[in-house]
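See structure below.
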Amino acid sequence: MLILDGKQVARARFERLKVKIFDFKAKYSMTPGLAVILVGENPASKVYVHNKTKTCNELGMSSTQINLPATISQQDLNARIAELNADRSIHGILVQLPLPKHLSEHKILDEILARKDADGLHIENQGLLWAGRPRIIPCTPNAVMAILEHYQISVASKRAVVIGRSQIVGKPMASLLLSRDASVSICHSKTKDLLAYTRSAELVIVAAGQARFLGREAFAKGAVVVDVGIHRPTSGDFANKLCGDVRFEELENWVSAATPVPGGVGPMTIQMLMENTFRLAELSLAESK
Ligand code: NAP
């Protein structure tokens with residue numbers, strides 16, 4: 001079984017991006033900038049935000065972290081986003097999800113200017129993706145495509161199954177696979193006989209958010225399996241360890257290729273965020289000319 005090593009792919013892309021950013025700054029005297037908004041004190045979100053701003057700085061881009069209280073009103077959060085929309089030194093804006101329950105995620109994501117939408121979750125960018133004219137692509141599905149491309153795994157004409165239909169992973173994932181000529185089925189919690197889909201698929205992208213719920217029995221021999229899930233269970237064999245939606249250790253000598261967790265899609269997702277930020281800076285420059 002070929003292990004699809006997202007960490008290694010991310011490292012190679014990181015070095016290439018660093019050079020591009022260096023050249024861009026030298027040529028245009030402009031530093032790509034990302035603003036990350038963190039609402040509340042979710043410990044996992046804090047770690048993600050820290051990693052995003054750190055990676056941004058390591059690449060030579062600027063990063064601004066804005067911490068807001070969990071009690072902030074929708075109006076006040078919108079006002080903060082409006083300030084960032086108007087700030088010419090900020091090219092990408094990201095609101096770390098999930099948000100506290102009293103805030104509407106989609107309303108807030110749509111407050112970000114579509115041309116500063118680092119996560120690709122603005123309704124305009126989602127629409128462009130489905131229309132086959134992608135501008136900014138959501139980071140996680142884009143990470144999956146980049147891993148497959150790196151390992152020269154073609155999806156064209158393949159039977160692909162995506163498990164999950166969220167705006168952030170499942171739906172854009174299906175759209176990207178379709179745009180590369182895969183025949184795509186989207187499965188979700190109401191799908192009857194999930195295994196009938198997965199067992200007949202040549203490529204399965206698992207993004208159900210259910211820790212270790214699929215093993216060897218779910219996949220056809222020789223299939224390619226990409227595990228998007230990230231969990232840190234509090235009990236059981238994997239207590240306090242990172243694991244995915246798939247029981248990776250069962251896949252050896254059965255599937256042809258698979259992503260591990262950790263070290264698969266996760267490290268590539270952050271890299272794709274960095275690439276989106278750089279792309280937004282390039283777009284901003286092109287518009288100002
Ligand atoms: P989500 O919003 O909770 O969506 C989960 C999707 O899976 C839903 O569409 C749900 O169906 C479906 N589902 C749940 N249980 C299922 C089952 N037993 N069988 C079939 N489908 C099922 O989660 P998400 O934001 O898309 O994230 C999915 C996973 O990826 C999570 O573990 C998350 O932590 C991880 N993630 C990882 C990265 C990364 O960088 N690697 C980034 C983002 C997310 P319904 O629509 O019917 O409810």
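Identifiers for the structure tokens are assigned positionally: chains receive A, B, ... in sequence, residues are indexed from 1 per chain, and ligands are indexed from 1 in the order shown.
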At most 8 Å is the cut-off: for each residue in chain A with any atom that close to an atom of ligand 1, write down the nearest atom pair and the distance in Å rounded to one decimal, counting only C-alpha atoms and all ligand atoms, chain first then increasing number, as CSV.
residue,atom,partner,partner_atom_place_in_ligand_line,distance
A:Cys139,CA,ligand 1,40 (O),7.8
A:Thr140,CA,ligand 1,42 (C),5.3
A:Ile163,CA,ligand 1,21 (N),5.3
A:Gly164,CA,ligand 1,7 (O),3.5
A:Arg165,CA,ligand 1,9 (O),3.7
A:Ser166,CA,ligand 1,26 (O),4.5
A:Gln167,CA,ligand 1,26 (O),7.0
A:Ile168,CA,ligand 1,26 (O),5.8
A:Val169,CA,ligand 1,26 (O),4.7
A:Gly170,CA,ligand 1,26 (O),5.8
A:Cys187,CA,ligand 1,21 (N),5.8
A:His188,CA,ligand 1,21 (N),3.4
A:Ser189,CA,ligand 1,21 (N),3.8
A:Lys190,CA,ligand 1,47 (O),5.4
A:Thr191,CA,ligand 1,20 (C),6.5
A:Leu194,CA,ligand 1,20 (C),6.7
A:Val206,CA,ligand 1,29 (C),7.8
A:Ala207,CA,ligand 1,28 (C),4.2
A:Ala208,CA,ligand 1,7 (O),3.2
A:Gly209,CA,ligand 1,32 (O),3.3
A:Gln210,CA,ligand 1,15 (N),5.9
A:Ala211,CA,ligand 1,32 (O),7.2
A:Phe213,CA,ligand 1,18 (N),7.6
A:Asp227,CA,ligand 1,41 (N),7.9
A:Val228,CA,ligand 1,30 (O),4.7
A:Gly229,CA,ligand 1,32 (O),3.4
A:Ile230,CA,ligand 1,32 (O),4.3
A:His231,CA,ligand 1,32 (O),6.0
A:Gly244,CA,ligand 1,32 (O),6.9
A:Asp245,CA,ligand 1,32 (O),6.7
A:Gly264,CA,ligand 1,41 (N),7.4
A:Val265,CA,ligand 1,41 (N),4.7
A:Gly266,CA,ligand 1,41 (N),3.7
A:Pro267,CA,ligand 1,40 (O),6.9
A:Met268,CA,ligand 1,40 (O),7.2
A:Thr269,CA,ligand 1,40 (O),4.8
A:Ile270,CA,ligand 1,40 (O),7.1
Which segment 47-96 of chain A residues have any atom within 6 Å of an atom of segment 108-131 of chain A, and for each, what is the nearest pair of atoms with distance in Å to one decimal, counting only C-alpha atoms, rows sorted by chain and number, as a Markdown table?
| residue | atom | partner | partner_atom | distance |
| --- | --- | --- | --- | --- |
| A:His91 | CA | A:Lys116 | CA | 5.4 |
| A:Gly92 | CA | A:Lys116 | CA | 4.5 |
| A:Ile93 | CA | A:Ala118 | CA | 5.5 |
| A:Leu94 | CA | A:Ala118 | CA | 5.7 |
Residues near segment 198-204 of chain A, cut-off 7 Å, only C-alpha atoms, skip fewer than 4 positions along chain, as number ranges by chain: A: 158-162, 194, 218-220, 223-226
Could you dump the residues just selected with N, CA and C atoms as a PDB file, in the first residue's frame?
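File part18.pdb, as written:
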ATOM      1  N   LYS A 158     -13.013   7.725 -12.901  1.00  0.00           N
ATOM      2  CA  LYS A 158     -13.058   6.797 -11.747  1.00  0.00           C
ATOM      3  C   LYS A 158     -14.409   6.896 -11.040  1.00  0.00           C
ATOM      4  N   ARG A 159     -14.806   5.775 -10.424  1.00  0.00           N
ATOM      5  CA  ARG A 159     -15.992   5.812  -9.547  1.00  0.00           C
ATOM      6  C   ARG A 159     -15.522   6.332  -8.187  1.00  0.00           C
ATOM      7  N   ALA A 160     -15.960   7.539  -7.838  1.00  0.00           N
ATOM      8  CA  ALA A 160     -15.518   8.150  -6.577  1.00  0.00           C
ATOM      9  C   ALA A 160     -16.709   8.308  -5.643  1.00  0.00           C
ATOM     10  N   VAL A 161     -16.460   8.057  -4.358  1.00  0.00           N
ATOM     11  CA  VAL A 161     -17.494   8.282  -3.346  1.00  0.00           C
ATOM     12  C   VAL A 161     -16.954   9.283  -2.336  1.00  0.00           C
ATOM     13  N   VAL A 162     -17.754  10.311  -2.044  1.00  0.00           N
ATOM     14  CA  VAL A 162     -17.410  11.269  -0.992  1.00  0.00           C
ATOM     15  C   VAL A 162     -18.381  11.015   0.148  1.00  0.00           C
ATOM     16  N   LEU A 194     -24.495   2.385   3.045  1.00  0.00           N
ATOM     17  CA  LEU A 194     -23.272   3.128   2.706  1.00  0.00           C
ATOM     18  C   LEU A 194     -22.210   2.217   2.075  1.00  0.00           C
ATOM     19  N   ALA A 218     -14.987  -1.937   4.289  1.00  0.00           N
ATOM     20  CA  ALA A 218     -15.727  -0.889   3.572  1.00  0.00           C
ATOM     21  C   ALA A 218     -15.179  -0.614   2.170  1.00  0.00           C
ATOM     22  N   PHE A 219     -13.999  -1.165   1.880  1.00  0.00           N
ATOM     23  CA  PHE A 219     -13.348  -0.742   0.632  1.00  0.00           C
ATOM     24  C   PHE A 219     -13.092  -1.907  -0.312  1.00  0.00           C
ATOM     25  N   ALA A 220     -13.090  -1.583  -1.602  1.00  0.00           N
ATOM     26  CA  ALA A 220     -12.749  -2.590  -2.610  1.00  0.00           C
ATOM     27  C   ALA A 220     -11.240  -2.815  -2.592  1.00  0.00           C
ATOM     28  N   ALA A 223      -8.566  -0.099  -3.932  1.00  0.00           N
ATOM     29  CA  ALA A 223      -9.118   1.265  -3.931  1.00  0.00           C
ATOM     30  C   ALA A 223      -8.103   2.273  -3.371  1.00  0.00           C
ATOM     31  N   VAL A 224      -8.372   3.550  -3.623  1.00  0.00           N
ATOM     32  CA  VAL A 224      -7.600   4.631  -3.007  1.00  0.00           C
ATOM     33  C   VAL A 224      -8.493   5.254  -1.934  1.00  0.00           C
ATOM     34  N   VAL A 225      -7.944   5.392  -0.722  1.00  0.00           N
ATOM     35  CA  VAL A 225      -8.748   5.902   0.403  1.00  0.00           C
ATOM     36  C   VAL A 225      -8.108   7.171   0.969  1.00  0.00           C
ATOM     37  N   VAL A 226      -8.890   8.235   1.019  1.00  0.00           N
ATOM     38  CA  VAL A 226      -8.411   9.492   1.613  1.00  0.00           C
ATOM     39  C   VAL A 226      -9.256   9.774   2.850  1.00  0.00           C
TER      40      VAL A 226
END
Atom CA of His50 of chain A to atom CA of Glu15 of chain A, distance in Å rounded to a single decimal: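 Between these atoms lies a distance of 20.1 Å.
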Those in segment 18-51 of chain A with strand (DSSP E) from DSSP, as an MDAnalysis selection string: chainID A and resid 33:39
Next, dump the selected residues to file, keeping only all heavy atoms, as a PDB file, in the first residue's frame.
ATOM      1  N   GLY A  33      -0.855  39.490   3.214  1.00  0.00           N
ATOM      2  CA  GLY A  33      -1.238  39.493   4.632  1.00  0.00           C
ATOM      3  C   GLY A  33      -2.529  38.731   4.892  1.00  0.00           C
ATOM      4  O   GLY A  33      -3.493  38.845   4.137  1.00  0.00           O
ATOM      5  N   LEU A  34      -2.494  37.958   5.968  1.00  0.00           N
ATOM      6  CA  LEU A  34      -3.672  37.168   6.365  1.00  0.00           C
ATOM      7  C   LEU A  34      -4.156  37.638   7.737  1.00  0.00           C
ATOM      8  O   LEU A  34      -3.348  37.830   8.648  1.00  0.00           O
ATOM      9  CB  LEU A  34      -3.290  35.680   6.453  1.00  0.00           C
ATOM     10  CG  LEU A  34      -4.354  34.705   6.976  1.00  0.00           C
ATOM     11  CD1 LEU A  34      -5.494  34.550   5.968  1.00  0.00           C
ATOM     12  CD2 LEU A  34      -3.745  33.325   7.266  1.00  0.00           C
ATOM     13  N   ALA A  35      -5.465  37.825   7.884  1.00  0.00           N
ATOM     14  CA  ALA A  35      -6.043  38.119   9.200  1.00  0.00           C
ATOM     15  C   ALA A  35      -6.889  36.926   9.626  1.00  0.00           C
ATOM     16  O   ALA A  35      -7.712  36.429   8.852  1.00  0.00           O
ATOM     17  CB  ALA A  35      -6.908  39.366   9.128  1.00  0.00           C
ATOM     18  N   VAL A  36      -6.652  36.450  10.837  1.00  0.00           N
ATOM     19  CA  VAL A  36      -7.400  35.300  11.355  1.00  0.00           C
ATOM     20  C   VAL A  36      -8.200  35.751  12.572  1.00  0.00           C
ATOM     21  O   VAL A  36      -7.635  36.293  13.522  1.00  0.00           O
ATOM     22  CB  VAL A  36      -6.443  34.152  11.757  1.00  0.00           C
ATOM     23  CG1 VAL A  36      -7.234  32.927  12.198  1.00  0.00           C
ATOM     24  CG2 VAL A  36      -5.527  33.777  10.615  1.00  0.00           C
ATOM     25  N   ILE A  37      -9.507  35.530  12.510  1.00  0.00           N
ATOM     26  CA  ILE A  37     -10.368  35.934  13.629  1.00  0.00           C
ATOM     27  C   ILE A  37     -10.723  34.698  14.456  1.00  0.00           C
ATOM     28  O   ILE A  37     -11.222  33.697  13.921  1.00  0.00           O
ATOM     29  CB  ILE A  37     -11.665  36.587  13.108  1.00  0.00           C
ATOM     30  CG1 ILE A  37     -11.329  37.853  12.307  1.00  0.00           C
ATOM     31  CG2 ILE A  37     -12.623  36.905  14.258  1.00  0.00           C
ATOM     32  CD1 ILE A  37     -12.531  38.552  11.696  1.00  0.00           C
ATOM     33  N   LEU A  38     -10.453  34.794  15.740  1.00  0.00           N
ATOM     34  CA  LEU A  38     -10.804  33.707  16.663  1.00  0.00           C
ATOM     35  C   LEU A  38     -11.850  34.233  17.643  1.00  0.00           C
ATOM     36  O   LEU A  38     -11.594  35.202  18.359  1.00  0.00           O
ATOM     37  CB  LEU A  38      -9.551  33.237  17.404  1.00  0.00           C
ATOM     38  CG  LEU A  38      -9.741  32.200  18.498  1.00  0.00           C
ATOM     39  CD1 LEU A  38     -10.252  30.874  17.922  1.00  0.00           C
ATOM     40  CD2 LEU A  38      -8.430  31.939  19.242  1.00  0.00           C
ATOM     41  N   VAL A  39     -13.009  33.601  17.642  1.00  0.00           N
ATOM     42  CA  VAL A  39     -14.067  34.027  18.570  1.00  0.00           C
ATOM     43  C   VAL A  39     -14.165  32.982  19.681  1.00  0.00           C
ATOM     44  O   VAL A  39     -14.411  31.801  19.399  1.00  0.00           O
ATOM     45  CB  VAL A  39     -15.428  34.151  17.836  1.00  0.00           C
ATOM     46  CG1 VAL A  39     -16.501  34.629  18.802  1.00  0.00           C
ATOM     47  CG2 VAL A  39     -15.319  35.090  16.646  1.00  0.00           C
TER      48      VAL A  39
END
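Distances from A:Gly40, A:Gly132, A:Pro138, A:Gly60 to Gln96 of chain A were compared using only C-alpha atoms, and the smallest one belongs to A:Gly40.
Minimum atom-to-atom distances from A:Lys192, A:Asp237, A:Glu250, A:Arg11 to Leu214 of chain A were compared using only C-alpha atoms, and the lowest value belongs to A:Glu250.
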d(atom CA of Pro32 of chain A, atom CA of Ser62 of chain A) in Å: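 Atom-to-atom, atom CA of Pro32 of chain A to atom CA of Ser62 of chain A, that is 6.3 Å.
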